[in-house]
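This report refers to the structure that appears directly beneath it.
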Amino acid sequence: MSVTQPPNLVLVPGTPQPRVSDGRTSIVHVVGARPNFVKMAPVIEALDRRGVFQQTVVHTGQHYDSKMSDRVLADLDFPAVDIFLGVGSGTHGVQTAKVLSAFEKVLIDIDPDVVVVAGDVNSTLACALAASKLGIAIAHVEAGLRSFDWSMPEEVNRVLTDRLADILFAHSPEATDNLKAEGICPGKVYNVGNTMIDSLRRAEKRARELEAWESVGFAERSYILVTLHRPSNVDDPARLQAIVGGLVGLAKHSPVVFPIHPRTRARLAEDGGLALLEEAGVACIEPVPYLEFLSLQAGAGAIVTDSGGVQEEASALGVSCYTFRPNTERPITLTHGTNVLLGEDPAEIAEVRPSPHPPTPCAIPLWDGHAGERVADVLVERYAVRELMEAGA
Ligand code: UD1
């Protein structure tokens, strides 16, 4: 089948054109935002080793800043992106709609056998919806996570993506239970473990050797790493001001490093919060690439965050994590990891203390560095057995 470039499609300079079908089962992988890259790198790599799929990687461009995208991809040795949609930012509706329509054109051109989406960002739902409307099979990596909080845009994305998916890759028994409770056919659900931890284990040694805490002038284990970007925490000026108060209180007793997400920085710059943090001695830095961020996590005495992935990575590294949210869709990090729910009161932030003890990495079942291999095995079994038989494998 010949593949032509759909209108409005921007290709990443220096990457190949969309490929002409070579007769193998065709699989399209979707990435859009920072956490997607980390979750999908091990899957693409594991499938590449099996060689039975013709893989195409589509980057929607939801995240586009070099620090949020290119440098993260480079740290992960992410395979070349084949198609870049360049969708960028917008309201949730606009962003989702732009990805949906741009990705539909790609699917019509490539006509793949299966589309793989990951996580819960707007690109995940938009691409699953586009594939579903065209009758193309969908596999969802990180299915079944539920915060049961419908005010989170990610919860809407998760639930709807799971309804559309044909294959659901869960990372924990709680996630498979959630899917079962929603009536998803158990035959579609595979508990494969956590592909994000595959990436972590691969990069851990290099990250530790970086000693990124030194570049911010802090001693290992002495400091608290902070990340905050959820709309519920940063979009309301009064709430953000109260959170700044909590962080100023934190900085009174401990060194604090805060790599600031662009949406958070924009809000902080609007109302003077950034200046208050800097005056209090908080190291307000730009978002850092993957290896540097892993290094900052590994060397921290504690982490305060509202991110989903950080709860998992901190648990795998054994570093205390205080999640500044009333709930988590990752309860396994509470029961088997290092995560504690801090709740919603900004005053609680100032109470966190760094732990001087060396971290003890948590052994969470199937978070063993081989989840990508298990995802690949299922995809081969479900979609490429014909090719294997023809090849006499
Ligand atoms: C998105 C995901 C969130 C995930 C987070 C990881 C959704 C609904 N949210 O949130 O689940 O935890 O990614 O980072 O999909 N911006 C830039 N440069 C960029 C990207 C964004 O400046 O490269 C700014 C823009 O002002 C944009 C804002 O950040 O409007 C928000 O970006 P967006 O992708 O909409 O959501 P995130 O907050 O990044």
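Identifiers in this document derive from the order of the structure tokens: chains are assigned A, B, ..., residues are numbered from 1 separately in each chain, and ligands are numbered from 1 in order of occurrence.
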
### Test item: residues no farther than 7 Å from ligand 1, counting only C-alpha atoms and all ligand atoms, as a PyMOL selection string
chain A and resi 33-35+62-65+68-69+89-90+92+120-123+153-154+229-230+261-263+307-308

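Within range 146-375 of chain A, the backbone-based DSSP assignment of strand (DSSP E or B) covers Ile167, Leu168, Phe169, Ala170, Val189, Tyr190, Asn191, Ile224, Leu225, Val226, Thr227, Val256, Val257, Phe258, Pro259, Ala283, Cys284, Ile285, Ala302, Ile303, Val304, Thr305, Cys321, Tyr322, Thr323, Asn339, Val340 and Leu341 of chain A.
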
Selected residues, C-alpha atoms, written as a PDB file, in the first residue's frame, please.
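Listed below is the output, out-v3.pdb:
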```pdb
ATOM      1  CA  ILE A 167      -6.561  -4.967  24.505  1.00  0.00           C
ATOM      2  CA  LEU A 168      -6.017  -3.464  27.940  1.00  0.00           C
ATOM      3  CA  PHE A 169      -2.586  -3.619  29.562  1.00  0.00           C
ATOM      4  CA  ALA A 170      -2.929  -3.088  33.316  1.00  0.00           C
ATOM      5  CA  VAL A 189      -7.208  -7.495  30.066  1.00  0.00           C
ATOM      6  CA  TYR A 190      -3.554  -8.400  30.736  1.00  0.00           C
ATOM      7  CA  ASN A 191      -1.702  -7.517  33.925  1.00  0.00           C
ATOM      8  CA  ILE A 224      13.036  18.068  48.808  1.00  0.00           C
ATOM      9  CA  LEU A 225      12.072  17.777  45.153  1.00  0.00           C
ATOM     10  CA  VAL A 226       8.753  19.414  44.218  1.00  0.00           C
ATOM     11  CA  THR A 227       6.627  19.063  41.076  1.00  0.00           C
ATOM     12  CA  VAL A 256      13.834  22.781  47.886  1.00  0.00           C
ATOM     13  CA  VAL A 257      14.259  22.238  44.143  1.00  0.00           C
ATOM     14  CA  PHE A 258      11.238  22.873  41.949  1.00  0.00           C
ATOM     15  CA  PRO A 259      11.475  22.072  38.208  1.00  0.00           C
ATOM     16  CA  ALA A 283      15.571  26.580  43.425  1.00  0.00           C
ATOM     17  CA  CYS A 284      13.015  27.359  40.699  1.00  0.00           C
ATOM     18  CA  ILE A 285      14.408  25.644  37.628  1.00  0.00           C
ATOM     19  CA  ALA A 302      11.657  13.413  49.942  1.00  0.00           C
ATOM     20  CA  ILE A 303       9.410  14.348  47.034  1.00  0.00           C
ATOM     21  CA  VAL A 304       6.250  16.473  47.026  1.00  0.00           C
ATOM     22  CA  THR A 305       4.231  16.045  43.843  1.00  0.00           C
ATOM     23  CA  CYS A 321       6.805  10.555  48.123  1.00  0.00           C
ATOM     24  CA  TYR A 322       4.113  12.921  49.436  1.00  0.00           C
ATOM     25  CA  THR A 323       1.328  13.277  46.917  1.00  0.00           C
ATOM     26  CA  ASN A 339       3.727   7.035  48.572  1.00  0.00           C
ATOM     27  CA  VAL A 340       1.647   8.913  51.157  1.00  0.00           C
ATOM     28  CA  LEU A 341      -1.384  11.044  50.339  1.00  0.00           C
TER      29      LEU A 341
END
```

Please, which residues in range 35-109 of chain A fall within 9 Å of range 363-379 of chain A when counting only C-alpha atoms, and what is the closest atom pair and distance in Å to one decimal for each, ordered by chain then residue number, as a Markdown table?
```
| residue | atom | partner | partner_atom | distance |
| --- | --- | --- | --- | --- |
| A:Lys39 | CA | A:Gly372 | CA | 8.7 |
| A:Met40 | CA | A:Gly372 | CA | 8.1 |
| A:Ala41 | CA | A:Gly372 | CA | 8.4 |
| A:Pro42 | CA | A:Gly372 | CA | 5.0 |
| A:Val43 | CA | A:Gly372 | CA | 4.4 |
| A:Ile44 | CA | A:Gly372 | CA | 8.0 |
| A:Glu45 | CA | A:Gly372 | CA | 8.0 |
| A:Ala46 | CA | A:Glu373 | CA | 5.4 |
| A:Leu47 | CA | A:Ala376 | CA | 5.4 |
| A:Arg50 | CA | A:Ala376 | CA | 8.1 |
```

Export C-alpha atoms of the chosen residues as a tab-separated table (two decimals), in the first residue's frame?
```tsv
chain	number	residue	atom	x	y	z
A	39	LYS	CA	5.83	4.42	28.94
A	40	MET	CA	6.12	3.63	25.24
A	41	ALA	CA	9.90	3.44	24.71
A	42	PRO	CA	10.20	-0.09	26.17
A	43	VAL	CA	7.20	-1.35	24.19
A	44	ILE	CA	8.49	-0.10	20.84
A	45	GLU	CA	11.94	-1.48	21.59
A	46	ALA	CA	10.60	-4.92	22.59
A	47	LEU	CA	8.45	-5.12	19.46
A	50	ARG	CA	10.56	-9.40	17.57
```

### Message
Which of range 223-268 of chain A end up as alpha helix (DSSP H) when DSSP is run on this backbone - answer as a ChimeraX atom specification?
### Response
/A:231-234,237-253,262-268

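Our summary of the geometry notes that CA of Val385 in chain A is positioned 17.9 Å from CA of Ser21 in chain A.
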
### Query
Near Val28 in chain A, within 10 Å and counting only C-alpha atoms, which residues show up once chain neighbours fewer than 6 positions away are dropped, as a PyMOL selection string?
chain A and resi 44+53-58+82+106-107+110-117+138

Write out, as a tab-separated table, each residue of range 248-335 of chain A that has an atom at most 10 Å from range 141-151 of chain A, together with the closest pair of atoms and their distance in Å to one decimal, counting only C-alpha atoms, rows going by chain and rising number.
```
residue	atom	partner	partner_atom	distance
A:Pro326	CA	A:Ser147	CA	9.5
A:Asn327	CA	A:Ser147	CA	6.2
A:Thr328	CA	A:Ser147	CA	5.3
A:Glu329	CA	A:Ser147	CA	4.1
A:Arg330	CA	A:Leu145	CA	6.6
A:Pro331	CA	A:Ser147	CA	9.0
```

Quick one: write out the picked residues with N, CA, C and O atoms as a tab-separated table (two decimals), in the first residue's frame?
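What ended up in out.tsv:
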```tsv
chain	number	residue	atom	x	y	z
A	326	PRO	N	-6.00	14.70	47.02
A	326	PRO	CA	-6.85	13.96	47.96
A	326	PRO	C	-6.97	12.49	47.60
A	326	PRO	O	-7.46	11.69	48.39
A	327	ASN	N	-6.54	12.12	46.39
A	327	ASN	CA	-6.72	10.74	45.95
A	327	ASN	C	-5.58	10.36	45.01
A	327	ASN	O	-4.83	11.21	44.56
A	328	THR	N	-5.50	9.07	44.73
A	328	THR	CA	-4.55	8.62	43.71
A	328	THR	C	-5.18	7.48	42.93
A	328	THR	O	-5.92	6.67	43.49
A	329	GLU	N	-4.88	7.45	41.65
A	329	GLU	CA	-5.34	6.34	40.80
A	329	GLU	C	-4.31	5.20	40.86
A	329	GLU	O	-4.44	4.22	40.16
A	330	ARG	N	-3.30	5.38	41.71
A	330	ARG	CA	-2.21	4.40	41.81
A	330	ARG	C	-2.10	3.90	43.24
A	330	ARG	O	-1.05	4.08	43.89
A	331	PRO	N	-3.15	3.24	43.78
A	331	PRO	CA	-3.14	2.84	45.19
A	331	PRO	C	-2.03	1.85	45.52
A	331	PRO	O	-1.62	1.75	46.68
```

### Query
In terms of the shortest atom-to-atom distance over only C-alpha atoms, which of A:Lys98, A:His253, A:Arg221, A:Lys133 is closest to Ala165 in chain A?
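Residue with the minimum atom-to-atom distance to Ala165 in chain A: A:Lys133.
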